[in-house]
$ cat query27.tsv   # TSV, C-alpha atoms
chain	number	residue	atom	x	y	z
A	1	MET	CA	-33.03	-39.48	-40.50
A	2	LYS	CA	-36.56	-38.73	-41.67
A	3	PHE	CA	-39.47	-39.83	-39.51
A	4	PHE	CA	-42.63	-41.18	-41.12
A	5	ALA	CA	-45.69	-42.23	-39.10
A	6	ASP	CA	-47.11	-45.61	-40.01
A	7	THR	CA	-50.77	-44.95	-39.37
A	8	ALA	CA	-54.05	-43.69	-40.78
A	9	ASP	CA	-55.01	-41.99	-37.49
A	10	VAL	CA	-55.44	-38.37	-38.58
A	11	ASP	CA	-55.37	-37.03	-35.01
A	12	ALA	CA	-52.10	-38.83	-34.23
A	13	ILE	CA	-50.59	-37.56	-37.47
A	14	ARG	CA	-51.62	-34.00	-36.69
A	15	GLU	CA	-50.16	-34.22	-33.17
A	16	LEU	CA	-46.75	-35.46	-34.38
A	17	ASN	CA	-46.71	-32.93	-37.20
A	18	ASP	CA	-47.43	-30.08	-34.77
A	19	LEU	CA	-44.50	-31.27	-32.66
A	20	GLY	CA	-42.25	-30.95	-35.70
A	21	LEU	CA	-41.40	-34.65	-35.63
A	22	LEU	CA	-42.98	-35.76	-38.87
A	23	ASP	CA	-41.47	-35.87	-42.36
A	24	GLY	CA	-44.09	-38.09	-43.98
A	25	VAL	CA	-46.64	-40.86	-43.53
A	26	THR	CA	-46.99	-44.46	-44.64
A	27	THR	CA	-50.38	-46.08	-44.68
A	28	ASN	CA	-52.30	-48.83	-46.42
A	29	PRO	CA	-55.92	-49.69	-47.24
A	30	SER	CA	-56.34	-51.98	-44.22
A	31	LEU	CA	-55.19	-49.26	-41.81
A	32	ILE	CA	-57.61	-46.76	-43.34
A	33	LYS	CA	-60.46	-49.29	-43.37
A	34	LYS	CA	-60.23	-49.52	-39.59
A	35	SER	CA	-61.23	-45.85	-39.41
A	36	GLY	CA	-64.48	-46.65	-41.22
A	37	ARG	CA	-63.88	-43.81	-43.66
A	38	ASP	CA	-63.33	-43.59	-47.43
A	39	ILE	CA	-59.77	-44.39	-48.46
A	40	LEU	CA	-59.38	-41.48	-50.87
A	41	GLU	CA	-60.93	-39.05	-48.38
A	42	VAL	CA	-58.60	-40.03	-45.54
A	43	THR	CA	-55.54	-40.03	-47.80
A	44	LYS	CA	-56.37	-36.53	-49.02
A	45	GLU	CA	-56.75	-35.27	-45.45
A	46	ILE	CA	-53.39	-36.74	-44.47
A	47	CYS	CA	-51.75	-35.10	-47.49
A	48	GLU	CA	-53.15	-31.74	-46.39
A	49	ILE	CA	-51.62	-32.12	-42.91
A	50	VAL	CA	-48.17	-33.36	-43.91
A	51	ASP	CA	-45.87	-31.61	-46.37
A	52	GLY	CA	-43.70	-34.67	-46.96
A	53	PRO	CA	-44.40	-37.92	-48.83
A	54	VAL	CA	-47.56	-39.85	-48.03
A	55	SER	CA	-47.38	-43.47	-49.18
A	56	ALA	CA	-50.67	-44.75	-50.59
A	57	GLU	CA	-50.77	-48.43	-51.52
A	58	VAL	CA	-52.23	-50.01	-54.61
A	59	THR	CA	-54.49	-53.03	-54.17
A	60	ALA	CA	-53.86	-54.67	-57.55
A	61	THR	CA	-51.17	-57.29	-58.19
A	62	ASP	CA	-51.07	-57.01	-62.00
A	63	ALA	CA	-48.62	-54.43	-63.37
A	64	ASP	CA	-51.05	-52.65	-65.67
A	65	GLN	CA	-53.66	-52.37	-62.95
A	66	MET	CA	-51.06	-51.16	-60.45
A	67	ILE	CA	-49.99	-48.47	-62.89
A	68	ALA	CA	-53.61	-47.41	-63.42
A	69	GLU	CA	-54.25	-47.32	-59.66
A	70	GLY	CA	-51.03	-45.43	-59.06
A	71	ARG	CA	-51.94	-42.77	-61.60
A	72	LYS	CA	-55.29	-42.36	-59.87
A	73	LEU	CA	-53.68	-42.10	-56.43
A	74	VAL	CA	-51.25	-39.36	-57.45
A	75	GLU	CA	-54.19	-37.20	-58.46
A	76	ILE	CA	-55.08	-36.90	-54.77
A	77	ALA	CA	-52.13	-34.62	-54.00
A	78	GLY	CA	-48.65	-33.74	-55.16
A	79	ASN	CA	-46.98	-35.45	-52.19
A	80	ILE	CA	-48.35	-38.94	-52.83
A	81	ALA	CA	-45.81	-41.76	-53.06
A	82	VAL	CA	-47.37	-44.81	-54.70
A	83	LYS	CA	-46.67	-47.95	-52.70
A	84	VAL	CA	-46.19	-51.14	-54.76
A	85	PRO	CA	-45.09	-54.65	-53.72
A	86	LEU	CA	-41.66	-56.02	-54.52
A	87	THR	CA	-42.69	-58.41	-57.28
A	88	LEU	CA	-41.76	-58.35	-60.95
A	89	ASP	CA	-45.13	-56.74	-61.68
A	90	GLY	CA	-44.50	-54.25	-58.90
A	91	LEU	CA	-41.09	-53.39	-60.34
A	92	LYS	CA	-42.65	-52.89	-63.77
A	93	ALA	CA	-45.19	-50.53	-62.22
A	94	CYS	CA	-42.42	-48.77	-60.32
A	95	LYS	CA	-40.49	-48.12	-63.54
A	96	ALA	CA	-43.57	-46.78	-65.34
A	97	LEU	CA	-44.64	-44.52	-62.47
A	98	THR	CA	-41.17	-43.14	-61.83
A	99	ASP	CA	-40.80	-42.48	-65.56
A	100	ASP	CA	-43.99	-40.42	-65.20
A	101	GLY	CA	-42.22	-38.40	-62.51
A	102	HIS	CA	-44.04	-39.86	-59.49
A	103	MET	CA	-42.59	-41.01	-56.16
A	104	VAL	CA	-42.75	-44.77	-55.62
A	105	ASN	CA	-42.29	-46.73	-52.40
A	106	VAL	CA	-41.46	-50.39	-53.09
A	107	THR	CA	-42.60	-52.37	-50.09
A	108	LEU	CA	-42.38	-55.91	-48.68
A	109	CYS	CA	-38.62	-56.09	-49.15
A	110	PHE	CA	-36.90	-58.96	-47.35
A	111	SER	CA	-33.55	-59.33	-49.13
A	112	ALA	CA	-30.67	-57.21	-50.41
A	113	ASN	CA	-31.18	-58.60	-53.92
A	114	GLN	CA	-34.76	-57.36	-53.91
A	115	ALA	CA	-33.56	-53.93	-52.79
A	116	LEU	CA	-31.03	-53.86	-55.62
A	117	LEU	CA	-33.78	-54.57	-58.16
A	118	ALA	CA	-35.95	-51.80	-56.71
A	119	ALA	CA	-33.12	-49.29	-57.02
A	120	LYS	CA	-32.54	-50.27	-60.64
A	121	ALA	CA	-36.27	-49.82	-61.30
A	122	GLY	CA	-35.96	-46.25	-60.02
A	123	ALA	CA	-37.75	-46.58	-56.67
A	124	THR	CA	-37.85	-43.45	-54.54
A	125	PHE	CA	-38.04	-45.56	-51.38
A	126	ILE	CA	-37.30	-49.19	-50.57
A	127	SER	CA	-39.09	-50.56	-47.49
A	128	PRO	CA	-37.27	-53.47	-45.81
A	129	PHE	CA	-39.46	-55.00	-43.08
A	130	ILE	CA	-37.33	-55.30	-39.96
A	131	GLY	CA	-39.87	-56.66	-37.50
A	132	ARG	CA	-41.18	-59.38	-39.78
A	133	LEU	CA	-37.65	-60.69	-40.34
A	134	ASP	CA	-37.05	-60.70	-36.59
A	135	ASP	CA	-40.25	-62.74	-36.24
A	136	ILE	CA	-38.69	-65.61	-38.20
A	137	ASN	CA	-35.37	-65.42	-36.34
A	138	MET	CA	-33.56	-63.44	-39.01
A	139	ASP	CA	-31.74	-60.16	-38.32
A	140	GLY	CA	-33.70	-57.28	-39.81
A	141	MET	CA	-30.88	-54.84	-39.07
A	142	GLU	CA	-28.42	-56.96	-41.03
A	143	LEU	CA	-30.64	-56.41	-44.08
A	144	ILE	CA	-30.60	-52.65	-43.54
A	145	SER	CA	-26.80	-52.78	-43.33
A	146	GLU	CA	-26.49	-54.86	-46.52
A	147	ILE	CA	-28.73	-52.49	-48.48
A	148	ARG	CA	-26.82	-49.45	-47.19
A	149	THR	CA	-23.54	-50.96	-48.38
A	150	ILE	CA	-24.89	-51.87	-51.83
A	151	TYR	CA	-26.52	-48.49	-52.41
A	152	ASP	CA	-23.38	-46.67	-51.30
A	153	ASN	CA	-21.21	-48.88	-53.51
A	154	TYR	CA	-23.06	-47.81	-56.63
A	155	GLY	CA	-24.48	-44.42	-55.75
A	156	TYR	CA	-28.13	-45.40	-55.91
A	157	GLU	CA	-30.43	-42.56	-54.85
A	158	THR	CA	-33.23	-44.83	-53.61
A	159	GLN	CA	-33.86	-44.03	-49.96
A	160	ILE	CA	-33.83	-46.84	-47.40
A	161	LEU	CA	-37.11	-46.66	-45.49
A	162	ALA	CA	-36.84	-48.93	-42.46
A	163	ALA	CA	-40.32	-50.39	-41.98
A	164	SER	CA	-42.04	-52.79	-39.58
A	165	ILE	CA	-40.40	-50.80	-36.78
A	166	ARG	CA	-41.71	-52.02	-33.43
A	167	THR	CA	-39.39	-50.65	-30.76
A	168	VAL	CA	-37.35	-47.56	-29.98
A	169	ASN	CA	-34.23	-49.73	-30.30
A	170	HIS	CA	-35.22	-50.53	-33.87
A	171	VAL	CA	-35.20	-46.79	-34.56
A	172	LYS	CA	-31.80	-46.29	-32.92
A	173	ASP	CA	-30.17	-49.23	-34.68
A	174	ALA	CA	-31.56	-48.21	-38.08
A	175	ALA	CA	-30.24	-44.69	-37.54
A	176	LEU	CA	-26.79	-45.97	-36.56
A	177	ILE	CA	-26.60	-48.07	-39.72
A	178	GLY	CA	-27.66	-45.13	-41.87
A	179	ALA	CA	-31.25	-45.76	-42.96
A	180	ASP	CA	-32.53	-42.62	-44.66
A	181	VAL	CA	-36.05	-42.91	-43.27
A	182	MET	CA	-37.89	-44.91	-40.67
A	183	THR	CA	-41.63	-45.44	-40.38
A	184	ALA	CA	-43.18	-46.42	-37.08
A	185	PRO	CA	-46.47	-46.30	-35.22
A	186	PRO	CA	-47.03	-42.96	-33.43
A	187	GLY	CA	-46.66	-44.67	-30.05
A	188	VAL	CA	-43.11	-45.79	-30.87
A	189	ILE	CA	-42.10	-42.32	-32.04
A	190	LYS	CA	-43.46	-40.70	-28.87
A	191	ALA	CA	-41.82	-43.36	-26.68
A	192	MET	CA	-38.41	-42.20	-27.93
A	193	ALA	CA	-38.73	-39.20	-25.58
A	194	ASN	CA	-39.03	-41.44	-22.51
A	195	HIS	CA	-36.20	-42.23	-20.11
A	196	PRO	CA	-36.45	-43.06	-16.39
A	197	LEU	CA	-33.53	-40.77	-15.54
A	198	THR	CA	-35.24	-37.87	-17.31
A	199	ASP	CA	-38.37	-38.49	-15.23
A	200	LYS	CA	-36.29	-38.78	-12.05
A	201	GLY	CA	-34.36	-35.60	-12.82
A	202	LEU	CA	-37.54	-33.66	-13.57
A	203	ASP	CA	-39.17	-34.83	-10.34
A	204	ALA	CA	-36.09	-33.72	-8.37
A	205	PHE	CA	-36.04	-30.35	-10.13
A	206	LEU	CA	-39.72	-29.72	-9.40
A	207	ALA	CA	-39.21	-30.72	-5.76
A	208	ASP	CA	-36.33	-28.24	-5.44
A	209	ILE	CA	-38.39	-25.47	-7.06
A	210	LYS	CA	-41.31	-26.14	-4.75
A	211	ALA	CA	-39.08	-26.24	-1.65
A	212	ALA	CA	-37.47	-22.93	-2.60
A	213	GLY	CA	-40.85	-21.31	-3.23
A	214	ILE	CA	-39.81	-20.20	-6.71
A	215	LYS	CA	-42.51	-19.05	-9.10
A	216	ILE	CA	-41.67	-17.88	-12.62
A	217	LEU	CA	-45.17	-16.74	-13.51
$ encode --input "query27.tsv" --output "structure tokens"
Amino acid sequence: MKFFADTADVDAIRELNDLGLLDGVTTNPSLIKKSGRDILEVTKEICEIVDGPVSAEVTATDADQMIAEGRKLVEIAGNIAVKVPLTLDGLKACKALTDDGHMVNVTLCFSANQALLAAKAGATFISPFIGRLDDINMDGMELISEIRTIYDNYGYETQILAASIRTVNHVKDAALIGADVMTAPPGVIKAMANHPLTDKGLDAFLADIKAAGIKIL
């Protein structure tokens, strides 16, 4: 499973990348705006840190404008994936941009039918929103499972990018189902390393080392 960080925090991205845990980044204009910096400037910096896909979202809702924005965004760097919404206009933009040879991430997916349309439009990534479905008492993981089955049935190459990940259990469950990618806040990715028994075992080990007077260096 590929790990993408869902953030515009350049320092957090650099930290995860240096740890070897990062395969890409997803971001959006509102996340970047919080940094108080220029959208294109921040996106370019992220692309320079990460070798993998960096999703940059269009702000238009009309197909022609989305296509124009997408073509501007891909000029930032070769690893830009243009993020478009799952609407008919978004699908039209997806088809045009993928025909140009660009990566496209179709976002705001909440049903298997929507995911099927995105695959037929040539999407590189489909982003089903797990957490937002859970918020309305629907099972986000069931959607991931349905999309996995449909894509496997017909050999679609569109990658399932589990989005709106909020917990480490979301990551685990998406991986068990077979999502190709997950995107999560840096804090969730780092929390995956935590376990109380690991902490307990390390404390015991250090106590034994100290009691024995062992020094390696």
$ residues_around --input "query27.tsv" --residues "Asn17 of chain A" --least-positions-apart "5" --cutoff "8 Å" --atoms "all atoms listed in the file" --output "list in words"
Leu22, Asp23, Ile49 and Val50 of chain A
$ residues_around --input "query27.tsv" --residues "Asp99 of chain A" --least-positions-apart "2" --cutoff "12 Å" --atoms "all atoms listed in the file" --output "ChimeraX atom specification"
/A:67,71,92-97,101-104,121-124
$ closest_residue --input "query27.tsv" --among "A:Asp135, A:Asn105, A:Ala77, A:Gly140" --to "Ala118 of chain A" --atoms "only C-alpha atoms"
A:Asn105
$ atom_distance --input "query27.tsv" --atom1 "atom CA of Val84 of chain A" --atom2 "atom CA of Ala112 of chain A"
17.2 Å
$ atom_distance --input "query27.tsv" --atom1 "atom CA of Thr183 of chain A" --atom2 "atom CA of Ile13 of chain A"
12.3 Å
$ residues_around --input "query27.tsv" --residues "Tyr154 of chain A" --least-positions-apart "5" --cutoff "12 Å" --atoms "all atoms listed in the file" --output "list in words"
Leu116, Ala119, Lys120, Ile147, Arg148 and Thr149 of chain A
$ atom_distance --input "query27.tsv" --atom1 "atom CA of Thr167 of chain A" --atom2 "atom CA of Met141 of chain A"
12.6 Å
$ closest_residue --input "query27.tsv" --among "A:Asn28, A:Ser164, A:Thr98, A:Gln159" --to "Gly178 of chain A" --atoms "all atoms listed in the file"
A:Gln159
$ residues_around --input "query27.tsv" --residues "Ser145 of chain A" --least-positions-apart "6" --cutoff "10 Å" --atoms "only C-alpha atoms" --output "ChimeraX atom specification"
/A:112,173-174,176-179
$ closest_residue --input "query27.tsv" --among "A:Asp62, A:Glu48, A:Glu15, A:Asp9" --to "Lys190 of chain A" --atoms "all atoms listed in the file"
A:Glu15
$ residues_around --input "query27.tsv" --residues "Gly70 of chain A" --least-positions-apart "2" --cutoff "8 Å" --atoms "all atoms listed in the file" --output "compact mmCIF listing (two decimals) with C-alpha atoms, in the frame of the given file"
# COMPACT_ATOMS: atom_id res chain seq x y z
CA VAL A 58 -52.23 -50.01 -54.61
CA MET A 66 -51.06 -51.16 -60.45
CA ILE A 67 -49.99 -48.47 -62.89
CA ALA A 68 -53.61 -47.41 -63.42
CA LYS A 72 -55.29 -42.36 -59.87
CA LEU A 73 -53.68 -42.10 -56.43
CA VAL A 74 -51.25 -39.36 -57.45
CA VAL A 82 -47.37 -44.81 -54.70
CA LEU A 97 -44.64 -44.52 -62.47
$ closest_residue --input "query27.tsv" --among "A:Ile39, A:Leu16, A:Ala163, A:Val10" --to "Ile76 of chain A" --atoms "all atoms listed in the file"
A:Ile39
$ closest_residue --input "query27.tsv" --among "A:Leu19, A:Ala115, A:Ile165, A:Leu133" --to "Val188 of chain A" --atoms "only C-alpha atoms"
A:Ile165
$ closest_residue --input "query27.tsv" --among "A:Val168, A:Val42, A:Ala175, A:Val181" --to "Pro128 of chain A" --atoms "all atoms listed in the file"
A:Val181
